[in-house]
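**Q** Have a look at this one.
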Amino acid sequence: MSQGKITYCPAGHSSENSSYFDYRNFISFDGICSLCSREHYIEEFKTWSSGNANIDNIIQESQINNKYSKLHWIPYDDFQNIKHMADGGHGSVYSAKLENGIKSHWNFIEQDWKYNSIGVKVALKEIKDSRFDIVEFLKVMKIANKHEYGSIIKYHGISKNPSTQNYIIVMDLFDGGLHNFLTKKFWDLWWGSKIGISLSIAFNLSRSHEKNLVHCDLHSGNILIDYNFDLYYPYLDLGIDLGLHNLGNDLILNSKKNNEIYGSIPYIPPEVLRGNEFTREGDIYSFGGIMYEIITAQRPFADQAHDTYLMIDICNGVRPKVPDFMLNWIPEWYLDLMYQCWSDDPSERPTAAELYVLFFDVSELYGNIVNNNVTQQLKIADENQKNTSKSQKQELFELFSHSSKLHPQSCYVSRYIRTLHGLHDLLEEIKSGKSSDPNLLLSNESTILRSKTC
Ligand SMILES: [Zn+2]
């Protein structure tokens, strides 16, 4: 039997018709025609509404123009088994089962919709923060969904909680954040795995930057990962939650100084702490913090208060320290690269594409056991870590561990922070102790934020 090479659907659409500006119409013998699907999506526009015309427009546009991952309006009734998972900076995250799945295409043989993800568990991010601009976020989601494969996290669409009237972002469900993964698995990770994780993040970041998306809030809490992360084929099991992505173009047009930013101080680049705009190079600085965490299982500046003094230190070139006992478990080139990502001068940082190519090359060499300086260093690092006895490791790690040394006024949940530009008039008074530091968490705030994870 022929492999479904048909040129016309029953509605008369030809495979030569262009349904998307740069693709031919796709028709297959088992009932798929891209143009039929698009017509049925359009027919249904009048049957649903999110209650916000801008949101409706973006979803509709994606259903007309996105070839692969279209956004959907998903009624709240479709979710079963809703369970609270975590609280984050903008709201709460729940898991839920998609009872009926999500429309994938109109089938012209059955004259009905075909559904994907039936019975699949998804994450629901209910937005409770009134400052969160869901329309802007959706625009970014629409662009991010244009990735054809192994993407930044897959966003299915938008829903609304009828009892709170809050909008909900519906996205892929992962086991958890990178930080928890590293805490659980740190001793099982050899360098092949560490390179695999770095490679996957660099890959996702370079795809975002290609699409002109700057993340602006990259940290280990919004890198989501399945705990059975396949280290030989990492692209599918790890994703970066979009956070507050900005569109690169808008940033170039908008060069004013900022009084306030949203994020976690240890991952925010010095130029942004000073009040400048967040650029692609800023994401690379944040990536340096993630590289640090991959090799130490600690988040940067975990033993310090995350306050204006730390911001000033970072602007003066202070960077997180790798504990001495770990140094012979880490290849020198990796450390050099991490410090290059942390360079005070954004133009000296590598690009995401360069990082991706570098980690890709290293993983290929490592897999093929090529003996050169880079892979030699990795093998020695693996050996050194292996030769440290378990009890010794445990002891060393306790000294440096999260639970015993995490500073009560550290904060790894994204929050609003006054930049040094925004504090300009207050800075001297804060330094002399005449004014309290607005960036220092009060102890009750710190308890609330600490219970949040993303
Ligand atoms: Zn058709």
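Convention: chains lettered A, B, ... in structure tokens order; per-chain residue numbering from 1; ligands numbered from 1 as shown.
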For segment 314-327 of chain A, list every protein, DNA or RNA residue within 7 Å, evaluated using only C-alpha atoms, and leave out those in the same chain fewer than 3 positions away; present the list as a PyMOL selection string.
**A** chain A and resi 270+300-301+310-311+330+344
**Q** Please check which protein, DNA or RNA residues sit within 7 Å of ligand 1, counting only C-alpha atoms and all ligand atoms, and write them as a list of chain:residue names.
**A**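 Sorted by chain and then by number, the residues are A:Cys9, A:Pro10, A:Ala11, A:Gly12, A:His13, A:Cys33, A:Ser34, A:Leu35, A:Cys36.
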**Q** Would you mind exporting the chosen residues as a compact mmCIF listing (two decimals), in the first residue's frame, restricted to C-alpha atoms?
**A**
```
# COMPACT_ATOMS: atom_id res chain seq x y z
CA CYS A 9 -8.50 16.08 0.60
CA PRO A 10 -12.28 15.60 0.24
CA ALA A 11 -12.81 19.34 0.78
CA GLY A 12 -10.72 19.96 -2.32
CA HIS A 13 -7.59 21.34 -0.61
CA CYS A 33 -5.25 17.96 6.15
CA SER A 34 -3.69 21.04 7.71
CA LEU A 35 -6.09 23.35 5.91
CA CYS A 36 -9.17 21.36 7.05
```
**Q** To one decimal place, how far is atom CA of Arg207 of chain A from atom CA of Glu281 of chain A in Å?
**A** 14.4 Å
**Q** Can you work out which one of A:Glu395, A:Asp226, A:Asp129, A:Glu354 has the shortest atom-to-atom distance to Asn180 of chain A, counting only C-alpha atoms?
**A**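 Residue with the minimum atom-to-atom distance to Asn180 of chain A: A:Asp226.
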**Q** Which residues are close to Gly31 of chain A, i.e. within 10 Å by only C-alpha atoms, leaving aside same-chain residues fewer than 4 positions away? Reply as a list in words.
**A**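 Residues meeting the cut-off are Gly4, Cys9, Pro10, Ile27, Cys36, His105, Trp106, Asn107, Phe108, Ile109, Glu110, Gln111, Asp112 and Lys114 of chain A.
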**Q** Apply DSSP to the backbone of this structure and, from segment 39-171 of chain A, keep only the residues in helix (DSSP H, G or I); write these as a PDB file with N, CA and C atoms, in the first residue's frame.
**A**
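Wrote it out as states_1.pdb, contents follow:
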```pdb
ATOM      1  N   GLU A  39      -9.472  25.343   9.136  1.00  0.00           N
ATOM      2  CA  GLU A  39     -10.844  25.833   8.917  1.00  0.00           C
ATOM      3  C   GLU A  39     -11.744  25.474  10.099  1.00  0.00           C
ATOM      4  N   HIS A  40     -11.553  24.257  10.642  1.00  0.00           N
ATOM      5  CA  HIS A  40     -12.401  23.873  11.776  1.00  0.00           C
ATOM      6  C   HIS A  40     -12.051  24.637  13.047  1.00  0.00           C
ATOM      7  N   TYR A  41     -10.770  24.922  13.223  1.00  0.00           N
ATOM      8  CA  TYR A  41     -10.399  25.778  14.360  1.00  0.00           C
ATOM      9  C   TYR A  41     -11.108  27.132  14.226  1.00  0.00           C
ATOM     10  N   ILE A  42     -11.048  27.689  13.016  1.00  0.00           N
ATOM     11  CA  ILE A  42     -11.626  29.029  12.812  1.00  0.00           C
ATOM     12  C   ILE A  42     -13.142  29.000  13.039  1.00  0.00           C
ATOM     13  N   GLU A  43     -13.786  27.938  12.552  1.00  0.00           N
ATOM     14  CA  GLU A  43     -15.236  27.794  12.742  1.00  0.00           C
ATOM     15  C   GLU A  43     -15.601  27.811  14.225  1.00  0.00           C
ATOM     16  N   GLU A  44     -14.704  27.277  15.032  1.00  0.00           N
ATOM     17  CA  GLU A  44     -15.020  27.157  16.460  1.00  0.00           C
ATOM     18  C   GLU A  44     -14.663  28.398  17.280  1.00  0.00           C
ATOM     19  N   PHE A  45     -14.051  29.389  16.640  1.00  0.00           N
ATOM     20  CA  PHE A  45     -13.677  30.595  17.391  1.00  0.00           C
ATOM     21  C   PHE A  45     -14.870  31.163  18.149  1.00  0.00           C
ATOM     22  N   LYS A  46     -16.064  31.073  17.537  1.00  0.00           N
ATOM     23  CA  LYS A  46     -17.251  31.680  18.173  1.00  0.00           C
ATOM     24  C   LYS A  46     -17.798  30.842  19.337  1.00  0.00           C
ATOM     25  N   THR A  47     -17.245  29.631  19.527  1.00  0.00           N
ATOM     26  CA  THR A  47     -17.815  28.755  20.556  1.00  0.00           C
ATOM     27  C   THR A  47     -17.114  28.862  21.912  1.00  0.00           C
ATOM     28  N   ALA A  53     -10.324  39.658  25.257  1.00  0.00           N
ATOM     29  CA  ALA A  53     -10.204  39.655  23.794  1.00  0.00           C
ATOM     30  C   ALA A  53      -8.746  39.493  23.355  1.00  0.00           C
ATOM     31  N   ASN A  54      -7.800  40.070  24.105  1.00  0.00           N
ATOM     32  CA  ASN A  54      -6.382  39.945  23.715  1.00  0.00           C
ATOM     33  C   ASN A  54      -5.911  38.500  23.816  1.00  0.00           C
ATOM     34  N   ILE A  55      -6.326  37.836  24.884  1.00  0.00           N
ATOM     35  CA  ILE A  55      -5.950  36.431  25.048  1.00  0.00           C
ATOM     36  C   ILE A  55      -6.567  35.611  23.920  1.00  0.00           C
ATOM     37  N   ASP A  56      -7.869  35.853  23.655  1.00  0.00           N
ATOM     38  CA  ASP A  56      -8.543  35.121  22.571  1.00  0.00           C
ATOM     39  C   ASP A  56      -7.780  35.297  21.256  1.00  0.00           C
ATOM     40  N   ASN A  57      -7.392  36.539  20.964  1.00  0.00           N
ATOM     41  CA  ASN A  57      -6.692  36.808  19.695  1.00  0.00           C
ATOM     42  C   ASN A  57      -5.401  36.019  19.563  1.00  0.00           C
ATOM     43  N   ILE A  58      -4.636  35.965  20.642  1.00  0.00           N
ATOM     44  CA  ILE A  58      -3.342  35.268  20.567  1.00  0.00           C
ATOM     45  C   ILE A  58      -3.553  33.769  20.361  1.00  0.00           C
ATOM     46  N   ILE A  59      -4.516  33.209  21.079  1.00  0.00           N
ATOM     47  CA  ILE A  59      -4.798  31.772  20.906  1.00  0.00           C
ATOM     48  C   ILE A  59      -5.267  31.522  19.468  1.00  0.00           C
ATOM     49  N   GLN A  60      -6.162  32.373  18.990  1.00  0.00           N
ATOM     50  CA  GLN A  60      -6.681  32.187  17.626  1.00  0.00           C
ATOM     51  C   GLN A  60      -5.567  32.297  16.597  1.00  0.00           C
ATOM     52  N   GLU A  61      -4.722  33.285  16.780  1.00  0.00           N
ATOM     53  CA  GLU A  61      -3.602  33.465  15.843  1.00  0.00           C
ATOM     54  C   GLU A  61      -2.711  32.225  15.808  1.00  0.00           C
ATOM     55  N   SER A  62      -2.472  31.649  16.991  1.00  0.00           N
ATOM     56  CA  SER A  62      -1.610  30.464  17.023  1.00  0.00           C
ATOM     57  C   SER A  62      -2.309  29.291  16.335  1.00  0.00           C
ATOM     58  N   GLN A  63      -3.638  29.225  16.436  1.00  0.00           N
ATOM     59  CA  GLN A  63      -4.356  28.133  15.773  1.00  0.00           C
ATOM     60  C   GLN A  63      -4.372  28.322  14.256  1.00  0.00           C
ATOM     61  N   ILE A  64      -4.240  29.559  13.830  1.00  0.00           N
ATOM     62  CA  ILE A  64      -4.190  29.812  12.382  1.00  0.00           C
ATOM     63  C   ILE A  64      -2.762  29.616  11.859  1.00  0.00           C
ATOM     64  N   ASN A  65      -1.782  30.086  12.611  1.00  0.00           N
ATOM     65  CA  ASN A  65      -0.423  30.164  12.050  1.00  0.00           C
ATOM     66  C   ASN A  65       0.604  29.168  12.567  1.00  0.00           C
ATOM     67  N   TYR A  76     -11.918  24.679  32.332  1.00  0.00           N
ATOM     68  CA  TYR A  76     -11.490  24.171  33.643  1.00  0.00           C
ATOM     69  C   TYR A  76     -12.097  22.795  33.940  1.00  0.00           C
ATOM     70  N   ASP A  77     -13.285  22.546  33.378  1.00  0.00           N
ATOM     71  CA  ASP A  77     -13.959  21.244  33.573  1.00  0.00           C
ATOM     72  C   ASP A  77     -13.141  20.083  33.032  1.00  0.00           C
ATOM     73  N   ASP A  78     -12.229  20.365  32.103  1.00  0.00           N
ATOM     74  CA  ASP A  78     -11.442  19.273  31.508  1.00  0.00           C
ATOM     75  C   ASP A  78     -10.422  18.687  32.483  1.00  0.00           C
ATOM     76  N   ILE A 134      -0.314  38.554  31.720  1.00  0.00           N
ATOM     77  CA  ILE A 134      -0.558  37.271  31.065  1.00  0.00           C
ATOM     78  C   ILE A 134      -0.615  37.400  29.542  1.00  0.00           C
ATOM     79  N   VAL A 135      -1.048  38.563  29.053  1.00  0.00           N
ATOM     80  CA  VAL A 135      -1.121  38.740  27.595  1.00  0.00           C
ATOM     81  C   VAL A 135       0.289  38.755  27.000  1.00  0.00           C
ATOM     82  N   GLU A 136       1.202  39.479  27.660  1.00  0.00           N
ATOM     83  CA  GLU A 136       2.601  39.496  27.197  1.00  0.00           C
ATOM     84  C   GLU A 136       3.193  38.094  27.248  1.00  0.00           C
ATOM     85  N   PHE A 137       2.885  37.395  28.343  1.00  0.00           N
ATOM     86  CA  PHE A 137       3.414  36.045  28.506  1.00  0.00           C
ATOM     87  C   PHE A 137       2.918  35.129  27.394  1.00  0.00           C
ATOM     88  N   LEU A 138       1.643  35.284  27.048  1.00  0.00           N
ATOM     89  CA  LEU A 138       1.067  34.453  25.973  1.00  0.00           C
ATOM     90  C   LEU A 138       1.744  34.697  24.633  1.00  0.00           C
ATOM     91  N   LYS A 139       2.087  35.945  24.384  1.00  0.00           N
ATOM     92  CA  LYS A 139       2.776  36.267  23.120  1.00  0.00           C
ATOM     93  C   LYS A 139       4.079  35.479  23.044  1.00  0.00           C
ATOM     94  N   VAL A 140       4.781  35.445  24.184  1.00  0.00           N
ATOM     95  CA  VAL A 140       6.048  34.725  24.243  1.00  0.00           C
ATOM     96  C   VAL A 140       5.815  33.216  24.104  1.00  0.00           C
ATOM     97  N   MET A 141       4.774  32.744  24.784  1.00  0.00           N
ATOM     98  CA  MET A 141       4.418  31.327  24.712  1.00  0.00           C
ATOM     99  C   MET A 141       4.166  30.914  23.270  1.00  0.00           C
ATOM    100  N   LYS A 142       3.504  31.784  22.536  1.00  0.00           N
ATOM    101  CA  LYS A 142       3.170  31.471  21.140  1.00  0.00           C
ATOM    102  C   LYS A 142       4.448  31.323  20.314  1.00  0.00           C
ATOM    103  N   ILE A 143       5.411  32.186  20.566  1.00  0.00           N
ATOM    104  CA  ILE A 143       6.679  32.094  19.825  1.00  0.00           C
ATOM    105  C   ILE A 143       7.450  30.852  20.279  1.00  0.00           C
ATOM    106  N   ALA A 144       7.471  30.625  21.605  1.00  0.00           N
ATOM    107  CA  ALA A 144       8.218  29.474  22.128  1.00  0.00           C
ATOM    108  C   ALA A 144       7.652  28.178  21.565  1.00  0.00           C
TER     109      ALA A 144
END
```
**Q** Please indicate the distance in Å from atom CA of Val170 of chain A to atom CA of Ala123 of chain A, rounded to one decimal place.
**A**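 A separation of 5.9 Å between them.
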**Q** As a ChimeraX atom specification, list the residues of segment 360-430 of chain A assigned to strand (DSSP E) by DSSP on the backbone atoms of this structure.
**A** /A:415-418
**Q** Just checking: using only C-alpha atoms, which residue out of A:Tyr356, A:Trp333, A:Tyr94, A:Tyr416 ends up closest to Phe79 of chain A?
**A**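 Comparing A:Tyr356, A:Trp333, A:Tyr94, A:Tyr416 against Phe79 of chain A, the winner is A:Tyr94.
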**Q** Applying 10 Å and only C-alpha atoms, which residues near Tyr339 of chain A remain after dropping the ones on its own chain fewer than 3 positions away? List them as a PyMOL selection string.
**A** chain A and resi 285+288-289+291-292+319-320+333-336+342-344+349
**Q** Please provide the set of residues having any atom within 8 Å of His179 of chain A, restricted to only C-alpha atoms, with same-chain residues fewer than 6 positions apart removed, written as an MDAnalysis selection string.
**A** chainID A and resid 220:221 293 297 299
**Q** Which is closest to Trp329 of chain A among A:Phe132, A:Phe174, A:Tyr8, A:Trp190, if we use only C-alpha atoms?
**A**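 Nearest to Trp329 of chain A: A:Trp190.
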**Q** Quick one: of A:Lys70, A:Asp175, A:Ile201, A:Asp87, who's nearest to His156 of chain A, counting only C-alpha atoms?
**A** A:Lys70
**Q** Do you know which residues are at most 10 Å from Leu426 of chain A counting only C-alpha atoms, after dropping those on the same chain fewer than 3 positions away, and could you put them as a list of chain:residue names?
**A**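 The contact residues come out as A:Leu420, A:His421, A:Gly422, A:Leu423, A:Glu429, A:Ile430, A:Lys431, A:Lys434, A:Ser435, A:Ser436, A:Asp437, A:Pro438.
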**Q** For the residues in the current selection, export C-alpha atoms as a PDB file, in the first residue's frame.
**A**
```pdb
ATOM      1  CA  LEU A 420      20.893  50.160  42.650  1.00  0.00           C
ATOM      2  CA  HIS A 421      19.552  52.756  40.222  1.00  0.00           C
ATOM      3  CA  GLY A 422      16.181  52.602  42.010  1.00  0.00           C
ATOM      4  CA  LEU A 423      17.907  52.986  45.378  1.00  0.00           C
ATOM      5  CA  GLU A 429      21.408  55.984  54.147  1.00  0.00           C
ATOM      6  CA  ILE A 430      21.201  52.201  53.807  1.00  0.00           C
ATOM      7  CA  LYS A 431      24.984  51.939  54.075  1.00  0.00           C
ATOM      8  CA  LYS A 434      19.815  55.235  58.748  1.00  0.00           C
ATOM      9  CA  SER A 435      17.381  53.507  56.389  1.00  0.00           C
ATOM     10  CA  SER A 436      16.338  49.890  56.344  1.00  0.00           C
ATOM     11  CA  ASP A 437      17.227  47.913  53.250  1.00  0.00           C
ATOM     12  CA  PRO A 438      14.095  47.329  51.123  1.00  0.00           C
TER      13      PRO A 438
END
```
**Q** As an exercise, work out the distance from atom CA of Ile290 of chain A to atom CA of Asp217 of chain A in Å and give it to one decimal place.
**A**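 Calculated distance between atom CA of Ile290 of chain A and atom CA of Asp217 of chain A is 11.9 Å.
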**Q** Nearest to Ile312 of chain A: which of A:His407, A:Lys386, A:Lys67, A:Arg274 is it, counting only C-alpha atoms?
**A** A:Arg274
**Q** Report as a PyMOL selection string all protein, DNA and RNA residues lying within 7 Å of Asn384 of chain A, evaluated on only C-alpha atoms, omitting residues in the same chain fewer than 4 positions from it.
**A** chain A and resi 328-329+380+388
**Q** Can I get the selected residues back with C-alpha atoms, as a tab-separated table (two decimals), in the first residue's frame?
**A**
```tsv
chain	number	residue	atom	x	y	z
A	328	ASN	CA	39.88	18.44	42.10
A	329	TRP	CA	36.49	17.06	41.05
A	380	ILE	CA	40.68	12.75	36.18
A	388	THR	CA	36.90	10.10	47.75
```
